[in-house]
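One file, work32.cif, is given below (mmCIF, C-alpha atoms).
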data_model
#
loop_
_atom_site.label_atom_id
_atom_site.label_comp_id
_atom_site.auth_asym_id
_atom_site.auth_seq_id
_atom_site.Cartn_x
_atom_site.Cartn_y
_atom_site.Cartn_z
CA MET A 1 -17.45 -30.35 4.60
CA GLU A 2 -16.68 -28.20 1.56
CA PHE A 3 -15.78 -24.53 1.57
CA SER A 4 -18.49 -22.15 0.39
CA ASN A 5 -18.47 -21.04 -3.24
CA LYS A 6 -17.37 -17.62 -2.06
CA LEU A 7 -14.30 -19.00 -0.30
CA GLN A 8 -13.47 -21.17 -3.27
CA LYS A 9 -13.37 -18.02 -5.44
CA LEU A 10 -10.76 -16.35 -3.24
CA PRO A 11 -7.45 -15.75 -5.03
CA THR A 12 -4.32 -17.59 -3.97
CA GLN A 13 -2.53 -15.52 -1.36
CA PHE A 14 0.48 -14.27 -3.32
CA PHE A 15 2.57 -13.26 -0.33
CA ALA A 16 1.92 -16.54 1.51
CA ALA A 17 3.48 -18.46 -1.37
CA LEU A 18 6.46 -16.11 -1.38
CA VAL A 19 6.99 -16.55 2.36
CA GLN A 20 6.96 -20.34 1.94
CA LYS A 21 9.72 -20.18 -0.67
CA VAL A 22 11.86 -17.91 1.49
CA ASN A 23 11.35 -19.97 4.65
CA ALA A 24 12.28 -23.15 2.80
CA ALA A 25 15.58 -21.57 1.74
CA ILE A 26 16.28 -20.28 5.25
CA SER A 27 15.54 -23.72 6.73
CA GLU A 28 18.40 -25.06 4.62
CA GLY A 29 20.76 -22.74 6.48
CA ARG A 30 21.09 -20.23 3.64
CA ASP A 31 21.69 -16.53 4.34
CA VAL A 32 18.73 -15.11 2.45
CA ILE A 33 18.46 -11.35 1.97
CA ASN A 34 14.70 -10.94 1.95
CA LEU A 35 13.72 -8.03 -0.27
CA GLY A 36 10.33 -9.51 -1.10
CA GLN A 37 8.46 -8.55 2.05
CA GLY A 38 6.47 -5.42 2.83
CA ASN A 39 6.93 -5.57 6.59
CA PRO A 40 8.63 -2.53 8.22
CA ASP A 41 11.88 -3.64 9.82
CA ARG A 42 12.25 -0.93 12.48
CA PRO A 43 10.47 -0.83 15.87
CA THR A 44 7.44 1.25 16.77
CA PRO A 45 8.55 4.60 18.30
CA ALA A 46 8.99 4.49 22.07
CA HIS A 47 6.36 7.13 22.91
CA ILE A 48 3.68 5.06 21.15
CA ILE A 49 4.69 1.91 23.01
CA LYS A 50 4.58 3.85 26.29
CA ALA A 51 1.08 5.09 25.49
CA LEU A 52 -0.06 1.50 25.01
CA GLN A 53 1.57 0.38 28.25
CA GLN A 54 -0.20 3.11 30.18
CA ALA A 55 -3.52 2.35 28.50
CA VAL A 56 -3.28 -1.35 29.27
CA GLU A 57 -2.97 -0.57 32.97
CA ASP A 58 -6.30 1.29 32.90
CA PRO A 59 -9.20 -1.15 33.54
CA GLN A 60 -11.47 0.97 31.37
CA THR A 61 -9.54 -0.21 28.31
CA HIS A 62 -10.37 -3.83 29.15
CA LYS A 63 -14.00 -3.28 28.23
CA TYR A 64 -15.65 -3.26 24.82
CA SER A 65 -14.86 -0.27 22.70
CA PRO A 66 -17.76 1.54 21.02
CA PHE A 67 -18.32 -0.40 17.81
CA SER A 68 -17.29 2.53 15.63
CA GLY A 69 -14.20 3.32 17.71
CA ILE A 70 -13.54 5.77 20.50
CA GLN A 71 -14.35 9.43 19.81
CA GLU A 72 -10.87 10.66 20.73
CA LEU A 73 -9.31 8.58 17.95
CA LYS A 74 -11.75 9.98 15.38
CA GLU A 75 -10.85 13.47 16.54
CA ALA A 76 -7.14 12.63 16.33
CA ALA A 77 -7.61 11.45 12.72
CA ALA A 78 -9.42 14.69 11.86
CA ASN A 79 -6.73 16.79 13.56
CA PHE A 80 -4.03 14.82 11.72
CA TYR A 81 -5.59 15.60 8.33
CA LYS A 82 -5.98 19.28 9.17
CA ARG A 83 -2.38 19.57 10.38
CA GLU A 84 -0.72 17.49 7.68
CA TYR A 85 -2.89 18.23 4.61
CA ASN A 86 -5.04 21.24 5.55
CA VAL A 87 -8.14 19.11 4.94
CA ASP A 88 -11.19 19.63 7.15
CA ILE A 89 -12.71 16.36 8.42
CA ASP A 90 -15.83 16.02 10.59
CA PRO A 91 -14.89 13.38 13.19
CA ASN A 92 -18.55 12.52 13.73
CA THR A 93 -19.53 11.74 10.13
CA GLU A 94 -16.36 11.54 8.03
CA VAL A 95 -14.12 9.09 9.95
CA ALA A 96 -14.33 5.30 10.22
CA ILE A 97 -11.85 3.44 12.45
CA LEU A 98 -10.33 0.33 10.86
CA GLY A 99 -8.43 -2.67 12.18
CA GLY A 100 -5.79 -1.89 9.55
CA SER A 101 -6.58 -0.42 6.14
CA LYS A 102 -6.74 -3.88 4.51
CA ILE A 103 -10.05 -4.47 6.30
CA GLY A 104 -11.52 -1.38 4.70
CA LEU A 105 -10.22 -2.30 1.25
CA VAL A 106 -11.70 -5.80 1.46
CA GLU A 107 -15.05 -4.85 3.00
CA LEU A 108 -15.84 -1.81 0.84
CA PRO A 109 -17.07 -3.79 -2.20
CA MET A 110 -19.46 -5.62 0.13
CA ALA A 111 -20.57 -2.35 1.69
CA ILE A 112 -21.33 -0.22 -1.36
CA LEU A 113 -21.67 -2.59 -4.34
CA ASN A 114 -24.18 -5.29 -5.22
CA PRO A 115 -23.27 -8.75 -6.53
CA GLY A 116 -22.50 -8.50 -10.22
CA ASP A 117 -21.47 -4.82 -10.10
CA TYR A 118 -18.13 -3.72 -11.56
CA MET A 119 -15.18 -1.89 -10.08
CA LEU A 120 -11.88 -0.59 -11.45
CA LEU A 121 -8.54 -1.77 -10.09
CA PRO A 122 -4.99 -0.62 -10.89
CA ASP A 123 -2.74 -3.12 -12.67
CA PRO A 124 -0.21 -3.73 -11.23
CA GLY A 125 -1.74 -3.34 -7.80
CA TYR A 126 -1.92 -4.68 -4.26
CA PRO A 127 -3.04 -8.32 -4.66
CA ASP A 128 -5.47 -8.23 -1.73
CA TYR A 129 -7.74 -5.84 -3.64
CA LEU A 130 -8.90 -9.04 -5.36
CA SER A 131 -10.02 -10.45 -2.02
CA GLY A 132 -12.64 -7.73 -1.82
CA VAL A 133 -13.75 -8.54 -5.35
CA ALA A 134 -14.28 -12.21 -4.46
CA LEU A 135 -15.99 -11.63 -1.12
CA GLY A 136 -18.21 -8.93 -2.59
CA ASP A 137 -19.14 -11.21 -5.49
CA VAL A 138 -18.41 -8.36 -7.90
CA HIS A 139 -16.51 -8.07 -11.19
CA PHE A 140 -13.59 -5.84 -12.06
CA ASP A 141 -11.82 -4.21 -14.97
CA THR A 142 -8.24 -3.02 -14.77
CA MET A 143 -6.50 0.28 -15.39
CA PRO A 144 -2.97 -0.37 -16.74
CA LEU A 145 -0.19 1.48 -14.91
CA ARG A 146 2.58 1.95 -17.47
CA GLU A 147 6.04 3.32 -16.90
CA GLU A 148 5.70 5.72 -19.83
CA ASN A 149 2.76 7.33 -18.03
CA GLU A 150 4.57 7.57 -14.68
CA PHE A 151 2.49 4.60 -13.44
CA LEU A 152 -0.71 6.66 -13.48
CA PRO A 153 -3.90 5.35 -15.10
CA ASP A 154 -4.96 6.95 -18.38
CA TYR A 155 -8.67 7.63 -17.94
CA ASN A 156 -9.02 8.61 -21.60
CA ALA A 157 -7.86 5.14 -22.63
CA LEU A 158 -10.73 3.41 -20.82
CA SER A 159 -13.55 2.29 -23.09
CA ASP A 160 -17.01 3.79 -22.76
CA GLU A 161 -18.30 0.35 -21.77
CA ILE A 162 -15.86 0.10 -18.88
CA LYS A 163 -16.60 3.63 -17.68
CA GLN A 164 -20.35 3.11 -17.85
CA ARG A 165 -20.45 -0.13 -15.88
CA ALA A 166 -17.89 0.70 -13.15
CA LYS A 167 -19.27 2.01 -9.86
CA LEU A 168 -16.13 2.02 -7.73
CA MET A 169 -12.43 2.69 -8.36
CA TYR A 170 -9.32 1.97 -6.29
CA LEU A 171 -6.16 4.08 -6.49
CA ASN A 172 -2.95 3.85 -4.46
CA TYR A 173 -0.26 6.57 -4.32
CA PRO A 174 2.56 6.42 -3.43
CA ASN A 175 2.06 3.18 -5.27
CA ASN A 176 2.64 -0.42 -4.27
CA PRO A 177 4.40 -2.00 -6.14
CA THR A 178 5.76 0.63 -8.58
CA GLY A 179 6.82 3.40 -6.20
CA GLY A 180 5.03 5.90 -8.46
CA THR A 181 3.47 9.04 -7.02
CA ALA A 182 0.52 11.26 -7.93
CA ASP A 183 0.29 15.05 -7.84
CA LEU A 184 -2.64 17.34 -7.14
CA GLU A 185 -3.29 17.83 -10.86
CA PHE A 186 -3.86 14.10 -11.28
CA PHE A 187 -6.21 13.96 -8.30
CA ASN A 188 -8.16 16.94 -9.65
CA LYS A 189 -8.55 15.04 -12.92
CA THR A 190 -9.64 12.00 -10.91
CA VAL A 191 -12.42 13.96 -9.21
CA GLU A 192 -13.56 15.28 -12.60
CA PHE A 193 -13.50 11.76 -14.08
CA SER A 194 -15.37 10.40 -11.08
CA LYS A 195 -18.15 12.94 -11.37
CA GLU A 196 -18.49 12.49 -15.14
CA SER A 197 -18.56 8.70 -14.92
CA GLU A 198 -20.40 8.43 -11.57
CA ILE A 199 -17.65 6.22 -10.13
CA ALA A 200 -16.83 6.40 -6.41
CA VAL A 201 -13.15 6.69 -5.52
CA VAL A 202 -11.20 4.88 -2.81
CA HIS A 203 -7.63 6.08 -2.39
CA ASP A 204 -5.32 3.70 -0.53
CA PHE A 205 -2.87 6.11 1.16
CA ALA A 206 -0.88 3.44 3.00
CA TYR A 207 2.48 5.02 2.05
CA GLY A 208 1.34 8.61 2.51
CA ALA A 209 4.28 9.48 4.78
CA ILE A 210 6.99 8.20 2.44
CA GLY A 211 8.06 10.60 -0.30
CA PHE A 212 11.56 11.28 -1.60
CA ASP A 213 13.66 14.11 -3.00
CA GLY A 214 11.84 16.70 -0.92
CA GLN A 215 8.44 15.82 -2.40
CA ARG A 216 5.67 15.26 0.13
CA PRO A 217 2.99 12.78 -1.01
CA VAL A 218 -0.32 14.44 -1.85
CA SER A 219 -3.59 13.38 -0.25
CA PHE A 220 -6.48 12.68 -2.60
CA LEU A 221 -8.67 14.72 -0.26
CA GLN A 222 -6.64 17.82 -1.08
CA ALA A 223 -8.28 17.84 -4.51
CA GLU A 224 -11.29 20.13 -4.81
CA GLY A 225 -14.50 18.14 -4.45
CA ALA A 226 -12.76 14.93 -3.41
CA LYS A 227 -15.04 14.36 -0.41
CA GLU A 228 -18.03 14.54 -2.74
CA VAL A 229 -16.88 11.43 -4.60
CA GLY A 230 -14.73 9.28 -2.35
CA VAL A 231 -12.69 8.36 0.68
CA GLU A 232 -9.06 7.89 1.59
CA LEU A 233 -7.75 5.01 3.70
CA TYR A 234 -4.83 5.69 6.01
CA THR A 235 -2.91 3.16 8.06
CA LEU A 236 -0.48 3.62 10.91
CA SER A 237 1.40 0.50 9.78
CA LYS A 238 3.98 2.26 7.63
CA THR A 239 4.00 5.78 9.02
CA TYR A 240 4.70 4.66 12.58
CA ASN A 241 6.02 1.08 12.11
CA MET A 242 2.81 -0.32 13.61
CA ALA A 243 2.12 -3.06 11.05
CA GLY A 244 1.33 -5.71 13.65
CA TRP A 245 -0.86 -3.39 15.72
CA ARG A 246 -3.61 -3.36 13.03
CA VAL A 247 -5.04 0.13 13.23
CA GLY A 248 -6.01 2.67 10.59
CA PHE A 249 -8.94 4.76 9.45
CA ALA A 250 -10.96 5.93 6.48
CA VAL A 251 -11.83 9.60 5.97
CA GLY A 252 -13.93 11.44 3.45
CA ASN A 253 -17.38 11.04 1.92
CA ALA A 254 -19.95 10.75 4.72
CA ASP A 255 -22.15 8.23 2.90
CA ILE A 256 -19.25 5.84 2.25
CA ILE A 257 -18.05 6.29 5.83
CA ALA A 258 -21.53 5.42 7.07
CA ALA A 259 -21.51 2.26 4.94
CA ILE A 260 -18.15 1.22 6.43
CA ASN A 261 -19.36 1.80 9.98
CA LEU A 262 -22.57 -0.14 9.34
CA ILE A 263 -20.88 -3.24 7.93
CA GLN A 264 -18.30 -3.14 10.73
CA ASP A 265 -21.07 -3.01 13.32
CA HIS A 266 -21.98 -6.50 12.12
CA LEU A 267 -18.45 -7.86 11.62
CA PHE A 268 -16.43 -6.54 14.56
CA CYS A 269 -16.48 -5.11 18.06
CA SER A 270 -13.90 -2.49 17.03
CA ILE A 271 -10.23 -2.51 18.12
CA PHE A 272 -8.78 -3.06 21.59
CA PRO A 273 -9.09 0.36 23.28
CA GLY A 274 -5.45 0.29 24.40
CA ILE A 275 -4.30 0.21 20.79
CA GLN A 276 -6.68 3.05 19.96
CA HIS A 277 -5.10 5.17 22.69
CA ALA A 278 -1.66 4.37 21.30
CA ALA A 279 -2.88 5.43 17.86
CA ILE A 280 -4.03 8.74 19.35
CA ALA A 281 -0.53 9.27 20.75
CA ALA A 282 0.96 8.53 17.33
CA LEU A 283 -1.31 10.91 15.42
CA ASN A 284 -1.23 13.75 17.96
CA GLY A 285 2.41 13.46 19.03
CA GLU A 286 5.62 14.87 17.61
CA GLN A 287 6.25 13.67 14.06
CA ASP A 288 10.07 13.70 14.15
CA CYS A 289 10.07 9.90 14.09
CA VAL A 290 8.17 9.98 10.79
CA ASP A 291 10.66 12.35 9.17
CA GLU A 292 13.55 10.23 10.44
CA GLN A 293 12.00 7.07 9.05
CA CYS A 294 11.44 8.64 5.64
CA GLY A 295 15.08 9.74 5.56
CA ILE A 296 16.22 6.19 6.29
CA TYR A 297 14.16 4.82 3.40
CA GLU A 298 15.52 7.49 1.07
CA ASN A 299 19.10 6.62 1.99
CA ARG A 300 18.36 2.95 1.38
CA ARG A 301 16.77 3.78 -1.96
CA ASN A 302 19.84 5.78 -2.98
CA ALA A 303 22.17 2.94 -1.99
CA LEU A 304 20.16 0.39 -3.95
CA ILE A 305 19.84 2.49 -7.10
CA LYS A 306 23.50 3.48 -7.10
CA GLU A 307 24.64 -0.14 -6.80
CA ALA A 308 22.18 -1.37 -9.42
CA LYS A 309 23.36 1.21 -11.94
CA ARG A 310 26.97 0.36 -11.13
CA ILE A 311 26.48 -3.19 -12.42
CA GLY A 312 24.69 -1.98 -15.55
CA TRP A 313 21.11 -2.52 -14.37
CA ASN A 314 19.06 0.24 -15.98
CA VAL A 315 16.74 1.10 -13.10
CA LYS A 316 14.77 4.20 -12.10
CA ALA A 317 14.58 5.53 -8.57
CA PRO A 318 11.10 5.32 -6.97
CA LYS A 319 9.56 8.62 -5.92
CA GLY A 320 7.75 7.23 -2.88
CA SER A 321 6.74 4.16 -0.83
CA PHE A 322 9.39 1.76 0.47
CA PHE A 323 9.55 -0.28 -2.73
CA ALA A 324 11.63 -0.18 -5.90
CA TRP A 325 10.19 -1.52 -9.17
CA LEU A 326 13.03 -2.95 -11.23
CA PRO A 327 13.02 -4.34 -14.80
CA VAL A 328 14.07 -7.95 -15.34
CA PRO A 329 16.79 -8.79 -17.89
CA ASP A 330 15.90 -9.98 -21.38
CA GLY A 331 15.12 -13.66 -21.66
CA TYR A 332 13.42 -13.99 -18.28
CA THR A 333 9.88 -13.66 -17.04
CA SER A 334 9.35 -11.96 -13.71
CA GLU A 335 8.83 -15.27 -11.96
CA GLN A 336 11.82 -16.93 -13.61
CA PHE A 337 14.08 -14.06 -12.60
CA ALA A 338 12.75 -13.99 -9.03
CA ASP A 339 13.30 -17.76 -8.72
CA LEU A 340 16.82 -17.41 -10.13
CA LEU A 341 17.75 -14.74 -7.59
CA LEU A 342 16.53 -16.87 -4.71
CA ASP A 343 18.08 -20.12 -5.98
CA LYS A 344 21.45 -18.77 -7.13
CA ALA A 345 22.01 -15.56 -5.14
CA ASP A 346 19.97 -16.11 -1.97
CA VAL A 347 18.13 -12.86 -2.67
CA ALA A 348 14.34 -12.91 -2.33
CA VAL A 349 12.23 -10.49 -4.37
CA ALA A 350 8.56 -10.36 -5.36
CA ALA A 351 7.82 -11.26 -8.98
CA GLY A 352 5.98 -8.46 -10.73
CA ASN A 353 3.37 -10.71 -12.33
CA GLY A 354 2.01 -11.40 -8.85
CA PHE A 355 0.65 -7.84 -8.89
CA GLY A 356 -1.15 -8.16 -12.22
CA GLU A 357 -0.72 -8.61 -15.96
CA TYR A 358 1.13 -5.31 -16.35
CA GLY A 359 3.56 -6.25 -13.60
CA GLU A 360 5.19 -8.75 -15.94
CA GLY A 361 8.74 -7.71 -16.76
CA TYR A 362 9.47 -6.28 -13.29
CA ILE A 363 10.35 -7.35 -9.77
CA ARG A 364 9.47 -5.53 -6.57
CA VAL A 365 12.28 -4.89 -4.10
CA GLY A 366 11.58 -3.73 -0.55
CA LEU A 367 13.76 -1.10 1.12
CA LEU A 368 13.31 -2.92 4.41
CA VAL A 369 16.84 -4.05 5.19
CA SER A 370 19.94 -1.99 5.94
CA GLU A 371 21.93 -0.17 3.28
CA ASP A 372 24.73 -2.73 3.70
CA ARG A 373 22.37 -5.63 3.05
CA LEU A 374 20.97 -3.88 -0.02
CA ARG A 375 24.50 -3.41 -1.37
CA GLU A 376 25.30 -7.03 -0.60
CA ALA A 377 22.19 -8.13 -2.50
CA ILE A 378 23.33 -6.27 -5.61
CA ILE A 379 26.85 -7.70 -5.29
CA ARG A 380 25.37 -11.20 -5.20
CA ILE A 381 23.24 -10.44 -8.27
CA GLU A 382 26.28 -9.00 -10.04
CA LYS A 383 28.05 -12.34 -9.70
CA LEU A 384 25.36 -13.97 -11.85
CA GLY A 385 26.76 -12.04 -14.81
CA LEU A 386 23.36 -10.99 -16.14
CA PHE A 387 23.90 -7.27 -16.56
CA ASN A 388 27.44 -6.89 -17.87
CA ASN A 389 26.24 -6.23 -21.39
CA GLN A 390 22.52 -6.15 -20.76
CA PHE A 391 21.98 -2.40 -20.61
CA ALA A 392 23.98 0.44 -22.06
CA THR A 393 24.83 2.92 -19.33
CA SER A 394 26.86 6.10 -19.43
CA LYS A 395 29.82 6.48 -17.10
#
Whole structure, structure tokens version:
Amino acid sequence: MEFSNKLQKLPTQFFAALVQKVNAAISEGRDVINLGQGNPDRPTPAHIIKALQQAVEDPQTHKYSPFSGIQELKEAAANFYKREYNVDIDPNTEVAILGGSKIGLVELPMAILNPGDYMLLPDPGYPDYLSGVALGDVHFDTMPLREENEFLPDYNALSDEIKQRAKLMYLNYPNNPTGGTADLEFFNKTVEFSKESEIAVVHDFAYGAIGFDGQRPVSFLQAEGAKEVGVELYTLSKTYNMAGWRVGFAVGNADIIAAINLIQDHLFCSIFPGIQHAAIAALNGEQDCVDEQCGIYENRRNALIKEAKRIGWNVKAPKGSFFAWLPVPDGYTSEQFADLLLDKADVAVAAGNGFGEYGEGYIRVGLLVSEDRLREAIIRIEKLGLFNNQFATSK
């Protein structure tokens, strides 16, 4: 039996290939410092775990959930957005519960586009956006994210042809993989561009809780008119270290939310109610754990950047997310440099070209190990002798 044409069009899973390389090295007994993953390394806060434990003991949670999720979780999502971003959300019409935000990102092209339609994707960007393209049988154009433009797309640089044929656009700030952030001015411009071009907006806000240097990440929905043109996807994976729990939500434009709920009625029976109750506890509870987590990532970022500059690696500190986007030395492609670090230094990173054409020339480093391990990774890289005279740095 052959796979369907649709499955055969699916892109190679970039992270699966990376995991295979790392596991092969570990199986040889090597002490690999894995900076290539995007998996939070700290446990879920205790009060959230306790909420799940209590919910599991209630027989009512053993039954089917309403297909669109329990009402209390929708209300918690709305309350969260009012408290954190001063954005009013109607829990009845403007919230869709997701089994992790990836589900929403992959199913949205199927829900609101027709086969052959076009969408806009950031480049570099999260590789699984392409899964939605393949499963939706749609086409895409890219918006280059360049360092000289703070890793923001330049809408004026898009051709009239691209703007006219696109019906949907994905954005992601704080950004994976670049660590770039967006301000309210940019999101206001995005709403204006969306209305002029009649392009719906989906903002992937997976790293919405992780901003540095006293700067709080901005929600797309804080822009005037944002709910008229799009939605924002939020996941509890990063904010509360709940990556394996698979719970998130979409908020915003009521028509897009209705499309998500309709397609999910046919794909899923929602999420285990116990997890939904734990998500309620996370969203409604004290947020000290979130602030603490953000501080840990900032300290790790500072340790990494300080060490990298010490060895002459001309890097810039990310403004958000838990990733750093570092340039590769002259004479190497992203993949060659990533392979060298794993083979010769036992340091695993993600090659930038895995995130798109404009990711070439960079590697992505995760801030998901301790400060000591980050420093050790740079010490190992220093021993390769690649940066001694590579970049001119002031002392």
Two-atom distance - CA of Gly331 (chain A), CA of Ala17 (chain A) (Å):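 Distance between the two atoms: 23.9 Å.
CA of Tyr170 (chain A) is positioned 15.7 Å from CA of Glu228 (chain A).
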Can you translate the PyMOL selection byres ((chain A and resi 261) around 9) into the concrete residues it hits in this file, as a VMD selection string? chain A and resid 67 to 68 95 to 97 256 to 260 262 to 266
I need the residues from that last selection saved to file as a PDB file, keeping the file's coordinate frame (with C-alpha atoms), if you can.
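The result, stored in part.pdb:
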ATOM      1  CA  PHE A  67     -18.320  -0.400  17.810  1.00  0.00           C
ATOM      2  CA  SER A  68     -17.290   2.530  15.630  1.00  0.00           C
ATOM      3  CA  VAL A  95     -14.120   9.090   9.950  1.00  0.00           C
ATOM      4  CA  ALA A  96     -14.330   5.300  10.220  1.00  0.00           C
ATOM      5  CA  ILE A  97     -11.850   3.440  12.450  1.00  0.00           C
ATOM      6  CA  ILE A 256     -19.250   5.840   2.250  1.00  0.00           C
ATOM      7  CA  ILE A 257     -18.050   6.290   5.830  1.00  0.00           C
ATOM      8  CA  ALA A 258     -21.530   5.420   7.070  1.00  0.00           C
ATOM      9  CA  ALA A 259     -21.510   2.260   4.940  1.00  0.00           C
ATOM     10  CA  ILE A 260     -18.150   1.220   6.430  1.00  0.00           C
ATOM     11  CA  LEU A 262     -22.570  -0.140   9.340  1.00  0.00           C
ATOM     12  CA  ILE A 263     -20.880  -3.240   7.930  1.00  0.00           C
ATOM     13  CA  GLN A 264     -18.300  -3.140  10.730  1.00  0.00           C
ATOM     14  CA  ASP A 265     -21.070  -3.010  13.320  1.00  0.00           C
ATOM     15  CA  HIS A 266     -21.980  -6.500  12.120  1.00  0.00           C
TER      16      HIS A 266
END
Could you pull out every residue with an atom within 6 Å of (-11.0, 7.2, 7.1), file coordinates, counting all atoms listed in the file, and send them as a ChimeraX atom specification? /A:95-96,232-233,249-251
Point-to-point distance in Å for CA of Val315 (chain A) and CA of Val218 (chain A):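 Interatomic distance, CA of Val218 (chain A) to CA of Val315 (chain A): 24.4 Å.
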Please expand the PyMOL selection byres ((chain A and resi 360) around 9) into the concrete residues it hits in this file, giving the result as an MDAnalysis selection string. chainID A and resid 124 328 333:335 351:359 361:363
Quick check on the file I pasted: which residues fall under the PyMOL selection byres ((chain A and resi 127) around 12)? Write them as an MDAnalysis selection string. chainID A and resid 10:16 102 105:106 121:126 128:134 176:177 350 352:357 359
Write out as a ChimeraX atom specification which residues come within 7 Å of Val191 (chain A) when counting only C-alpha atoms, dropping same-chain ones fewer than 6 positions away. /A:225-226,229
Keeping only C-alpha atoms, write those residues as a JSON list (two decimals), keeping the file's coordinate frame.
[["chain", "number", "residue", "atom", "x", "y", "z"],
["A", 225, "GLY", "CA", -14.50, 18.14, -4.45],
["A", 226, "ALA", "CA", -12.76, 14.93, -3.41],
["A", 229, "VAL", "CA", -16.88, 11.43, -4.60]]
Find the residues near Ala78 (chain A): any atom within 12 Å, counting all atoms listed in the file, skip ones fewer than 2 places away on the same chain, and give them as a PyMOL selection string. chain A and resi 71-76+80-97+234+249-252+280+283-284
Counting all atoms listed in the file, which residue out of A:Asn172, A:Ser27, A:Ser219, A:Ser4 sits closest to Glu185 (chain A)?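 Among the listed residues, the smallest separation from Glu185 (chain A) belongs to A:Ser219.
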